[in-house]
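The data block below is coords33.txt; it holds compact mmCIF, N, CA and C atoms.
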```txt
# COMPACT_ATOMS: atom_id res chain seq x y z
N MET A 1 87.21 -25.08 10.69
CA MET A 1 87.07 -25.45 9.30
C MET A 1 85.79 -26.28 9.08
N ARG A 2 85.55 -27.21 9.99
CA ARG A 2 84.37 -28.06 9.88
C ARG A 2 83.08 -27.22 9.92
N THR A 3 83.06 -26.23 10.78
CA THR A 3 81.90 -25.35 10.89
C THR A 3 81.65 -24.61 9.58
N ILE A 4 82.70 -24.18 8.94
CA ILE A 4 82.58 -23.47 7.66
C ILE A 4 82.02 -24.41 6.59
N LEU A 5 82.49 -25.65 6.55
CA LEU A 5 81.99 -26.63 5.57
C LEU A 5 80.52 -26.93 5.79
N VAL A 6 80.11 -27.08 7.04
CA VAL A 6 78.70 -27.32 7.36
C VAL A 6 77.86 -26.12 6.93
N PHE A 7 78.33 -24.94 7.24
CA PHE A 7 77.62 -23.72 6.86
C PHE A 7 77.49 -23.61 5.34
N LEU A 8 78.57 -23.86 4.61
CA LEU A 8 78.53 -23.80 3.14
C LEU A 8 77.59 -24.85 2.56
N THR A 9 77.57 -26.04 3.14
CA THR A 9 76.67 -27.10 2.68
C THR A 9 75.22 -26.67 2.87
N ILE A 10 74.92 -26.07 4.00
CA ILE A 10 73.55 -25.61 4.26
C ILE A 10 73.18 -24.52 3.26
N ILE A 11 74.06 -23.55 3.06
CA ILE A 11 73.79 -22.45 2.12
C ILE A 11 73.56 -23.00 0.71
N LEU A 12 74.41 -23.90 0.26
CA LEU A 12 74.26 -24.47 -1.09
C LEU A 12 72.97 -25.27 -1.21
N SER A 13 72.60 -26.02 -0.18
CA SER A 13 71.37 -26.80 -0.22
C SER A 13 70.15 -25.91 -0.30
N VAL A 14 70.13 -24.86 0.51
CA VAL A 14 69.00 -23.93 0.50
C VAL A 14 68.91 -23.24 -0.85
N ASN A 15 70.06 -22.80 -1.39
CA ASN A 15 70.08 -22.13 -2.69
C ASN A 15 69.62 -23.07 -3.80
N PHE A 16 70.06 -24.33 -3.79
CA PHE A 16 69.64 -25.30 -4.79
C PHE A 16 68.13 -25.52 -4.72
N GLY A 17 67.61 -25.67 -3.50
CA GLY A 17 66.17 -25.87 -3.32
C GLY A 17 65.38 -24.68 -3.83
N TYR A 18 65.85 -23.47 -3.55
CA TYR A 18 65.17 -22.26 -4.02
C TYR A 18 65.17 -22.21 -5.54
N CYS A 19 66.31 -22.46 -6.15
CA CYS A 19 66.41 -22.42 -7.62
C CYS A 19 65.52 -23.48 -8.25
N GLN A 20 65.53 -24.67 -7.66
CA GLN A 20 64.70 -25.76 -8.17
C GLN A 20 63.22 -25.38 -8.11
N GLN A 21 62.79 -24.82 -6.97
CA GLN A 21 61.39 -24.44 -6.83
C GLN A 21 61.04 -23.32 -7.80
N LYS A 22 61.93 -22.37 -7.99
CA LYS A 22 61.68 -21.27 -8.93
C LYS A 22 61.51 -21.83 -10.34
N ASN A 23 62.32 -22.80 -10.72
CA ASN A 23 62.22 -23.40 -12.06
C ASN A 23 60.89 -24.11 -12.28
N VAL A 24 60.49 -24.96 -11.35
CA VAL A 24 59.24 -25.70 -11.53
C VAL A 24 58.04 -24.78 -11.39
N ASP A 25 58.14 -23.79 -10.52
CA ASP A 25 57.05 -22.82 -10.34
C ASP A 25 56.85 -22.02 -11.63
N THR A 26 57.95 -21.58 -12.23
CA THR A 26 57.88 -20.84 -13.50
C THR A 26 57.29 -21.72 -14.59
N LEU A 27 57.70 -22.98 -14.65
CA LEU A 27 57.18 -23.90 -15.66
C LEU A 27 55.66 -24.03 -15.54
N VAL A 28 55.14 -24.25 -14.35
CA VAL A 28 53.70 -24.41 -14.17
C VAL A 28 52.97 -23.11 -14.48
N ASN A 29 53.55 -21.97 -14.11
CA ASN A 29 52.94 -20.68 -14.47
C ASN A 29 52.86 -20.52 -15.98
N HIS A 30 53.93 -20.86 -16.69
CA HIS A 30 53.92 -20.77 -18.16
C HIS A 30 52.94 -21.76 -18.78
N TRP A 31 52.81 -22.92 -18.17
CA TRP A 31 51.85 -23.92 -18.65
C TRP A 31 50.44 -23.36 -18.59
N HIS A 32 50.07 -22.80 -17.44
CA HIS A 32 48.75 -22.19 -17.31
C HIS A 32 48.58 -21.03 -18.30
N LYS A 33 49.60 -20.20 -18.42
CA LYS A 33 49.52 -19.05 -19.32
C LYS A 33 49.36 -19.50 -20.77
N SER A 34 49.99 -20.60 -21.14
CA SER A 34 49.88 -21.12 -22.51
C SER A 34 48.44 -21.50 -22.84
N ALA A 35 47.72 -22.02 -21.87
CA ALA A 35 46.30 -22.32 -22.10
C ALA A 35 45.52 -21.03 -22.25
N GLY A 36 45.79 -20.05 -21.39
CA GLY A 36 45.07 -18.78 -21.43
C GLY A 36 45.28 -18.00 -22.71
N THR A 37 46.44 -18.21 -23.35
CA THR A 37 46.74 -17.53 -24.61
C THR A 37 46.58 -18.46 -25.82
N ALA A 38 46.04 -19.64 -25.57
CA ALA A 38 45.77 -20.64 -26.62
C ALA A 38 47.02 -21.02 -27.39
N ASN A 39 48.13 -21.21 -26.68
CA ASN A 39 49.37 -21.65 -27.32
C ASN A 39 49.47 -23.17 -27.15
N TYR A 40 48.88 -23.86 -28.10
CA TYR A 40 48.75 -25.32 -28.08
C TYR A 40 50.11 -26.01 -27.96
N GLU A 41 51.08 -25.61 -28.78
CA GLU A 41 52.39 -26.27 -28.79
C GLU A 41 53.09 -26.13 -27.44
N ASN A 42 53.08 -24.91 -26.88
CA ASN A 42 53.71 -24.72 -25.58
C ASN A 42 52.99 -25.51 -24.49
N TYR A 43 51.67 -25.43 -24.48
CA TYR A 43 50.89 -26.09 -23.44
C TYR A 43 51.21 -27.59 -23.40
N PHE A 44 51.13 -28.24 -24.54
CA PHE A 44 51.37 -29.68 -24.57
C PHE A 44 52.86 -30.01 -24.55
N GLY A 45 53.71 -29.04 -24.88
CA GLY A 45 55.15 -29.23 -24.81
C GLY A 45 55.68 -29.34 -23.40
N PHE A 46 54.98 -28.77 -22.44
CA PHE A 46 55.40 -28.86 -21.04
C PHE A 46 55.10 -30.23 -20.43
N MET A 47 54.32 -31.04 -21.13
CA MET A 47 53.88 -32.33 -20.59
C MET A 47 54.79 -33.46 -21.03
N GLY A 48 54.99 -34.41 -20.14
CA GLY A 48 55.70 -35.62 -20.49
C GLY A 48 54.83 -36.50 -21.38
N SER A 49 55.44 -37.47 -22.03
CA SER A 49 54.70 -38.34 -22.96
C SER A 49 53.67 -39.20 -22.24
N ASP A 50 53.87 -39.46 -20.95
CA ASP A 50 52.92 -40.28 -20.19
C ASP A 50 52.00 -39.44 -19.32
N PHE A 51 51.81 -38.18 -19.68
CA PHE A 51 50.97 -37.24 -18.94
C PHE A 51 49.54 -37.76 -18.78
N ILE A 52 48.96 -37.50 -17.60
CA ILE A 52 47.56 -37.82 -17.31
C ILE A 52 46.89 -36.56 -16.76
N PHE A 53 45.69 -36.26 -17.26
CA PHE A 53 44.89 -35.13 -16.77
C PHE A 53 43.57 -35.66 -16.24
N LEU A 54 43.28 -35.37 -14.97
CA LEU A 54 41.99 -35.69 -14.39
C LEU A 54 41.16 -34.42 -14.38
N GLY A 55 40.05 -34.44 -15.11
CA GLY A 55 39.17 -33.29 -15.18
C GLY A 55 38.12 -33.31 -14.10
N THR A 56 37.21 -32.37 -14.18
CA THR A 56 36.19 -32.22 -13.14
C THR A 56 34.97 -33.12 -13.35
N ALA A 57 34.75 -33.58 -14.55
CA ALA A 57 33.57 -34.40 -14.84
C ALA A 57 33.88 -35.88 -14.63
N PRO A 58 32.88 -36.66 -14.23
CA PRO A 58 33.09 -38.10 -14.12
C PRO A 58 33.60 -38.66 -15.45
N GLY A 59 34.53 -39.53 -15.38
CA GLY A 59 35.06 -40.15 -16.59
C GLY A 59 36.18 -39.37 -17.26
N GLU A 60 36.49 -38.18 -16.77
CA GLU A 60 37.57 -37.40 -17.39
C GLU A 60 38.92 -37.82 -16.83
N ARG A 61 39.48 -38.83 -17.42
CA ARG A 61 40.85 -39.25 -17.16
C ARG A 61 41.51 -39.37 -18.52
N TRP A 62 42.27 -38.36 -18.89
CA TRP A 62 42.82 -38.24 -20.23
C TRP A 62 44.32 -38.55 -20.23
N ASN A 63 44.78 -39.36 -21.18
CA ASN A 63 46.21 -39.43 -21.41
C ASN A 63 46.56 -38.23 -22.30
N LYS A 64 47.83 -38.00 -22.53
CA LYS A 64 48.26 -36.81 -23.26
C LYS A 64 47.62 -36.72 -24.64
N GLN A 65 47.64 -37.79 -25.40
CA GLN A 65 47.11 -37.77 -26.76
C GLN A 65 45.61 -37.50 -26.78
N ALA A 66 44.87 -38.17 -25.92
CA ALA A 66 43.42 -37.97 -25.88
C ALA A 66 43.08 -36.55 -25.41
N PHE A 67 43.83 -36.05 -24.45
CA PHE A 67 43.60 -34.69 -23.96
C PHE A 67 43.94 -33.66 -25.04
N ALA A 68 45.01 -33.91 -25.78
CA ALA A 68 45.39 -33.00 -26.87
C ALA A 68 44.31 -32.98 -27.96
N THR A 69 43.79 -34.14 -28.31
CA THR A 69 42.73 -34.23 -29.32
C THR A 69 41.47 -33.50 -28.84
N PHE A 70 41.07 -33.74 -27.60
CA PHE A 70 39.91 -33.08 -27.02
C PHE A 70 40.09 -31.56 -26.98
N SER A 71 41.29 -31.11 -26.62
CA SER A 71 41.56 -29.69 -26.39
C SER A 71 41.78 -28.88 -27.65
N LYS A 72 42.23 -29.52 -28.71
CA LYS A 72 42.64 -28.80 -29.92
C LYS A 72 41.57 -27.82 -30.43
N PRO A 73 40.29 -28.17 -30.52
CA PRO A 73 39.30 -27.20 -31.00
C PRO A 73 39.21 -25.94 -30.14
N TYR A 74 39.40 -26.07 -28.84
CA TYR A 74 39.39 -24.89 -27.95
C TYR A 74 40.58 -23.98 -28.26
N PHE A 75 41.74 -24.57 -28.42
CA PHE A 75 42.93 -23.79 -28.74
C PHE A 75 42.81 -23.15 -30.12
N GLU A 76 42.23 -23.87 -31.07
CA GLU A 76 42.07 -23.32 -32.43
C GLU A 76 41.13 -22.12 -32.47
N LYS A 77 40.22 -22.03 -31.51
CA LYS A 77 39.31 -20.87 -31.43
C LYS A 77 40.01 -19.65 -30.83
N GLY A 78 41.26 -19.83 -30.37
CA GLY A 78 42.02 -18.71 -29.83
C GLY A 78 41.84 -18.48 -28.35
N LYS A 79 41.08 -19.34 -27.69
CA LYS A 79 40.88 -19.21 -26.24
C LYS A 79 40.60 -20.58 -25.66
N ALA A 80 41.51 -21.07 -24.87
CA ALA A 80 41.27 -22.35 -24.21
C ALA A 80 40.68 -22.04 -22.83
N TRP A 81 41.40 -22.22 -21.77
CA TRP A 81 40.92 -21.90 -20.43
C TRP A 81 41.96 -21.02 -19.77
N ASP A 82 41.49 -20.21 -18.85
CA ASP A 82 42.35 -19.23 -18.21
C ASP A 82 42.31 -19.43 -16.71
N PHE A 83 43.25 -20.20 -16.18
CA PHE A 83 43.31 -20.48 -14.75
C PHE A 83 44.37 -19.58 -14.12
N LYS A 84 43.99 -18.89 -13.07
CA LYS A 84 44.91 -18.02 -12.34
C LYS A 84 45.29 -18.71 -11.03
N PRO A 85 46.53 -19.19 -10.94
CA PRO A 85 46.94 -19.93 -9.74
C PRO A 85 47.37 -19.00 -8.60
N SER A 86 47.21 -19.51 -7.38
CA SER A 86 47.72 -18.84 -6.18
C SER A 86 47.94 -19.90 -5.11
N ASN A 87 48.62 -19.51 -4.07
CA ASN A 87 48.84 -20.39 -2.91
C ASN A 87 49.41 -21.76 -3.29
N ARG A 88 50.35 -21.77 -4.20
CA ARG A 88 50.95 -23.05 -4.62
C ARG A 88 51.96 -23.52 -3.57
N THR A 89 51.90 -24.80 -3.25
CA THR A 89 52.83 -25.42 -2.30
C THR A 89 53.55 -26.57 -3.00
N TRP A 90 54.86 -26.64 -2.81
CA TRP A 90 55.70 -27.66 -3.45
C TRP A 90 56.26 -28.65 -2.43
N MET A 91 56.42 -29.88 -2.88
CA MET A 91 57.11 -30.93 -2.14
C MET A 91 58.02 -31.64 -3.14
N TYR A 92 59.11 -32.25 -2.62
CA TYR A 92 60.09 -32.90 -3.50
C TYR A 92 60.47 -34.27 -2.97
N ALA A 93 60.72 -35.18 -3.88
CA ALA A 93 61.27 -36.49 -3.51
C ALA A 93 62.71 -36.28 -3.02
N LYS A 94 63.19 -37.19 -2.22
CA LYS A 94 64.54 -37.07 -1.66
C LYS A 94 65.62 -36.99 -2.73
N ASP A 95 65.39 -37.63 -3.86
CA ASP A 95 66.41 -37.59 -4.92
C ASP A 95 66.23 -36.39 -5.85
N SER A 96 65.26 -35.54 -5.56
CA SER A 96 65.01 -34.29 -6.31
C SER A 96 64.68 -34.51 -7.79
N THR A 97 64.12 -35.66 -8.14
CA THR A 97 63.71 -35.89 -9.53
C THR A 97 62.20 -35.89 -9.71
N ILE A 98 61.47 -35.81 -8.61
CA ILE A 98 60.02 -35.74 -8.63
C ILE A 98 59.61 -34.56 -7.75
N ALA A 99 58.70 -33.74 -8.26
CA ALA A 99 58.15 -32.63 -7.49
C ALA A 99 56.63 -32.70 -7.62
N TRP A 100 55.92 -32.41 -6.56
CA TRP A 100 54.47 -32.38 -6.62
C TRP A 100 53.98 -31.12 -5.92
N PHE A 101 52.80 -30.69 -6.32
CA PHE A 101 52.28 -29.43 -5.81
C PHE A 101 50.76 -29.46 -5.73
N ASP A 102 50.25 -28.52 -4.97
CA ASP A 102 48.82 -28.21 -5.01
C ASP A 102 48.71 -26.70 -5.10
N GLU A 103 47.60 -26.24 -5.67
CA GLU A 103 47.42 -24.81 -5.88
C GLU A 103 45.93 -24.48 -5.89
N ASP A 104 45.63 -23.24 -5.51
CA ASP A 104 44.28 -22.72 -5.66
C ASP A 104 44.19 -22.09 -7.04
N LEU A 105 43.01 -22.15 -7.65
CA LEU A 105 42.82 -21.61 -8.99
C LEU A 105 41.57 -20.75 -9.05
N ASP A 106 41.70 -19.59 -9.66
CA ASP A 106 40.55 -18.76 -9.98
C ASP A 106 40.21 -19.08 -11.43
N THR A 107 39.00 -19.59 -11.67
CA THR A 107 38.60 -20.03 -13.00
C THR A 107 37.17 -19.56 -13.28
N TRP A 108 36.69 -19.83 -14.48
CA TRP A 108 35.30 -19.53 -14.81
C TRP A 108 34.34 -20.34 -13.93
N MET A 109 34.83 -21.42 -13.34
CA MET A 109 34.03 -22.26 -12.45
C MET A 109 34.11 -21.75 -11.01
N ARG A 110 34.69 -20.59 -10.82
CA ARG A 110 35.00 -19.99 -9.53
C ARG A 110 36.17 -20.74 -8.91
N GLY A 111 36.15 -20.91 -7.60
CA GLY A 111 37.28 -21.52 -6.93
C GLY A 111 37.47 -22.98 -7.29
N CYS A 112 38.68 -23.31 -7.69
CA CYS A 112 39.07 -24.69 -7.99
C CYS A 112 40.40 -24.96 -7.30
N ARG A 113 40.78 -26.20 -7.33
CA ARG A 113 42.10 -26.59 -6.84
C ARG A 113 42.72 -27.52 -7.86
N GLY A 114 44.01 -27.35 -8.04
CA GLY A 114 44.75 -28.24 -8.91
C GLY A 114 45.88 -28.88 -8.13
N SER A 115 46.23 -30.08 -8.51
CA SER A 115 47.42 -30.71 -7.96
C SER A 115 48.13 -31.41 -9.11
N GLY A 116 49.43 -31.44 -9.02
CA GLY A 116 50.18 -32.00 -10.13
C GLY A 116 51.49 -32.61 -9.69
N ILE A 117 52.07 -33.35 -10.63
CA ILE A 117 53.36 -34.00 -10.42
C ILE A 117 54.25 -33.66 -11.60
N LEU A 118 55.50 -33.29 -11.31
CA LEU A 118 56.50 -33.05 -12.33
C LEU A 118 57.63 -34.05 -12.13
N GLN A 119 58.24 -34.42 -13.25
CA GLN A 119 59.35 -35.37 -13.21
C GLN A 119 60.52 -34.77 -13.96
N LEU A 120 61.70 -34.91 -13.38
CA LEU A 120 62.93 -34.47 -14.05
C LEU A 120 63.38 -35.59 -14.96
N SER A 121 63.39 -35.32 -16.26
CA SER A 121 63.73 -36.34 -17.25
C SER A 121 64.77 -35.77 -18.22
N LYS A 122 65.94 -36.37 -18.23
CA LYS A 122 67.04 -35.93 -19.09
C LYS A 122 67.35 -34.45 -18.87
N GLY A 123 67.35 -34.03 -17.60
CA GLY A 123 67.69 -32.67 -17.24
C GLY A 123 66.58 -31.65 -17.45
N LYS A 124 65.38 -32.11 -17.80
CA LYS A 124 64.27 -31.20 -18.08
C LYS A 124 63.06 -31.61 -17.25
N TRP A 125 62.41 -30.64 -16.60
CA TRP A 125 61.19 -30.91 -15.86
C TRP A 125 60.01 -31.03 -16.82
N GLU A 126 59.17 -32.04 -16.58
CA GLU A 126 57.95 -32.26 -17.37
C GLU A 126 56.78 -32.48 -16.43
N ILE A 127 55.63 -31.95 -16.81
CA ILE A 127 54.41 -32.21 -16.05
C ILE A 127 53.90 -33.59 -16.48
N VAL A 128 53.73 -34.48 -15.52
CA VAL A 128 53.29 -35.83 -15.86
C VAL A 128 51.89 -36.15 -15.34
N TYR A 129 51.34 -35.26 -14.50
CA TYR A 129 50.03 -35.54 -13.92
C TYR A 129 49.43 -34.22 -13.45
N TYR A 130 48.12 -34.06 -13.71
CA TYR A 130 47.41 -32.88 -13.18
C TYR A 130 45.98 -33.28 -12.87
N ASN A 131 45.51 -32.84 -11.71
CA ASN A 131 44.16 -33.14 -11.25
C ASN A 131 43.45 -31.83 -10.95
N LEU A 132 42.39 -31.52 -11.67
CA LEU A 132 41.60 -30.32 -11.48
C LEU A 132 40.35 -30.65 -10.68
N THR A 133 40.11 -29.91 -9.62
CA THR A 133 38.97 -30.16 -8.74
C THR A 133 38.16 -28.89 -8.55
N VAL A 134 36.85 -29.00 -8.67
CA VAL A 134 35.96 -27.89 -8.34
C VAL A 134 35.71 -27.94 -6.84
N LEU A 135 35.84 -26.81 -6.18
CA LEU A 135 35.64 -26.76 -4.74
C LEU A 135 34.17 -26.55 -4.39
N ILE A 136 33.69 -27.33 -3.46
CA ILE A 136 32.31 -27.20 -2.97
C ILE A 136 32.36 -27.24 -1.44
N GLU A 137 31.76 -26.26 -0.83
CA GLU A 137 31.74 -26.20 0.63
C GLU A 137 31.00 -27.41 1.18
N ASN A 138 31.44 -27.90 2.33
CA ASN A 138 30.85 -29.09 2.93
C ASN A 138 29.35 -28.95 3.17
N ASP A 139 28.91 -27.76 3.57
CA ASP A 139 27.48 -27.60 3.86
C ASP A 139 26.63 -27.55 2.59
N LYS A 140 27.26 -27.55 1.40
CA LYS A 140 26.53 -27.54 0.14
C LYS A 140 26.60 -28.88 -0.59
N ILE A 141 27.29 -29.84 -0.02
CA ILE A 141 27.48 -31.14 -0.68
C ILE A 141 26.15 -31.84 -0.94
N LYS A 142 25.28 -31.88 0.04
CA LYS A 142 24.02 -32.59 -0.12
C LYS A 142 23.22 -32.02 -1.29
N SER A 143 23.11 -30.70 -1.39
CA SER A 143 22.40 -30.07 -2.51
C SER A 143 23.08 -30.38 -3.84
N PHE A 144 24.41 -30.39 -3.83
CA PHE A 144 25.16 -30.72 -5.03
C PHE A 144 24.87 -32.14 -5.49
N ILE A 145 24.88 -33.08 -4.57
CA ILE A 145 24.60 -34.48 -4.90
C ILE A 145 23.19 -34.63 -5.48
N GLU A 146 22.24 -33.96 -4.86
CA GLU A 146 20.85 -34.00 -5.37
C GLU A 146 20.78 -33.43 -6.79
N LEU A 147 21.47 -32.34 -7.04
CA LEU A 147 21.48 -31.73 -8.37
C LEU A 147 22.13 -32.67 -9.38
N ARG A 148 23.23 -33.26 -9.01
CA ARG A 148 23.95 -34.17 -9.90
C ARG A 148 23.13 -35.43 -10.20
N ASP A 149 22.36 -35.91 -9.23
CA ASP A 149 21.58 -37.13 -9.40
C ASP A 149 20.30 -36.95 -10.20
N LYS A 150 19.90 -35.69 -10.46
CA LYS A 150 18.69 -35.45 -11.24
C LYS A 150 18.88 -35.99 -12.66
N LYS A 151 17.88 -36.65 -13.15
CA LYS A 151 17.95 -37.22 -14.50
C LYS A 151 17.13 -36.41 -15.46
```
Can you present the structure in this file as structure tokens?
Amino acid sequence: MRTILVFLTIILSVNFGYCQQKNVDTLVNHWHKSAGTANYENYFGFMGSDFIFLGTAPGERWNKQAFATFSKPYFEKGKAWDFKPSNRTWMYAKDSTIAWFDEDLDTWMRGCRGSGILQLSKGKWEIVYYNLTVLIENDKIKSFIELRDKK
């Protein structure tokens, strides 16, 4: 009997983890798709009220309201940004109320990487943090720094 209970506990834990990952994965996919289709309400609806977005340019640390104000003209033109994610990896806090991920992105900037944090709040997952990074090969860093430092 004990063996059966252990086996059932393992099966339920694995199934819960799979369902949880499928839910957050779907949410982030829809979030990206909402930007690609310029659905302003959906895009910002997936974010928690204390959301932070770190962009690629120096000084780009946006809270939700500032990011929404900055982004609105892009969405109003019918095309915001279109990021195609792949290779997403998830991690979870022990209490299963925080999930974080990293992902590769195909964008107009070529290869990028995103990382984010989701929080379970009142039974609903919300994106509370996202960091967008442009990828630069190590052997090109020096040239990049020189280009960036040009006045």
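In this model, the gap between atom CA of A:Thr97 and atom CA of A:Trp31 comes to 19.2 Å.
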Requested in this report: Please identify all polymer residues lying at most 12 Å from the point (53.7, -34.0, -27.4) (file coordinates), using only C-alpha atoms, and present the result as an MDAnalysis selection string.
Outcome: chainID A and resid 40:51 63:69 126:128
Query raised in the report: Taking (46.5, -33.0, -8.5) in the file's coordinates as the center, which residues reach within 7 Å of it, counting all atoms listed in the file, put as a count of residues only?
Result: 11
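The gap separating atom C of A:Ala57 from atom C of A:Asn138 is 19.6 Å, in Å to one decimal.
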Query - Spatial neighbours of stretch 72-89 of chain A, 8 Å, only N, CA and C atoms, chain gap at least 3 places, as a PyMOL selection string - result: chain A and resi 29+32-40+66-69+92+100-108
**Report entry** alpha helix (DSSP H) per DSSP on the backbone: members of chain A, as a PyMOL selection string
**Finding:** chain A and resi 2-36+40-45+64-76+141-149
Query raised in the report: DSSP says strand (DSSP E) for which residues of chain A? Put them as a ChimeraX atom specification?
Result: /A:47-54,61-63,84-92,98-107,110-121,124-134
Query raised in the report: Counting only C-alpha atoms, which of A:Val28, A:Ile141, A:Leu118, A:Ile52 gets nearest to A:Ile98?
Result: A:Leu118
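Atom CA of A:Met109 is positioned 7.2 Å from atom CA of A:Val134.
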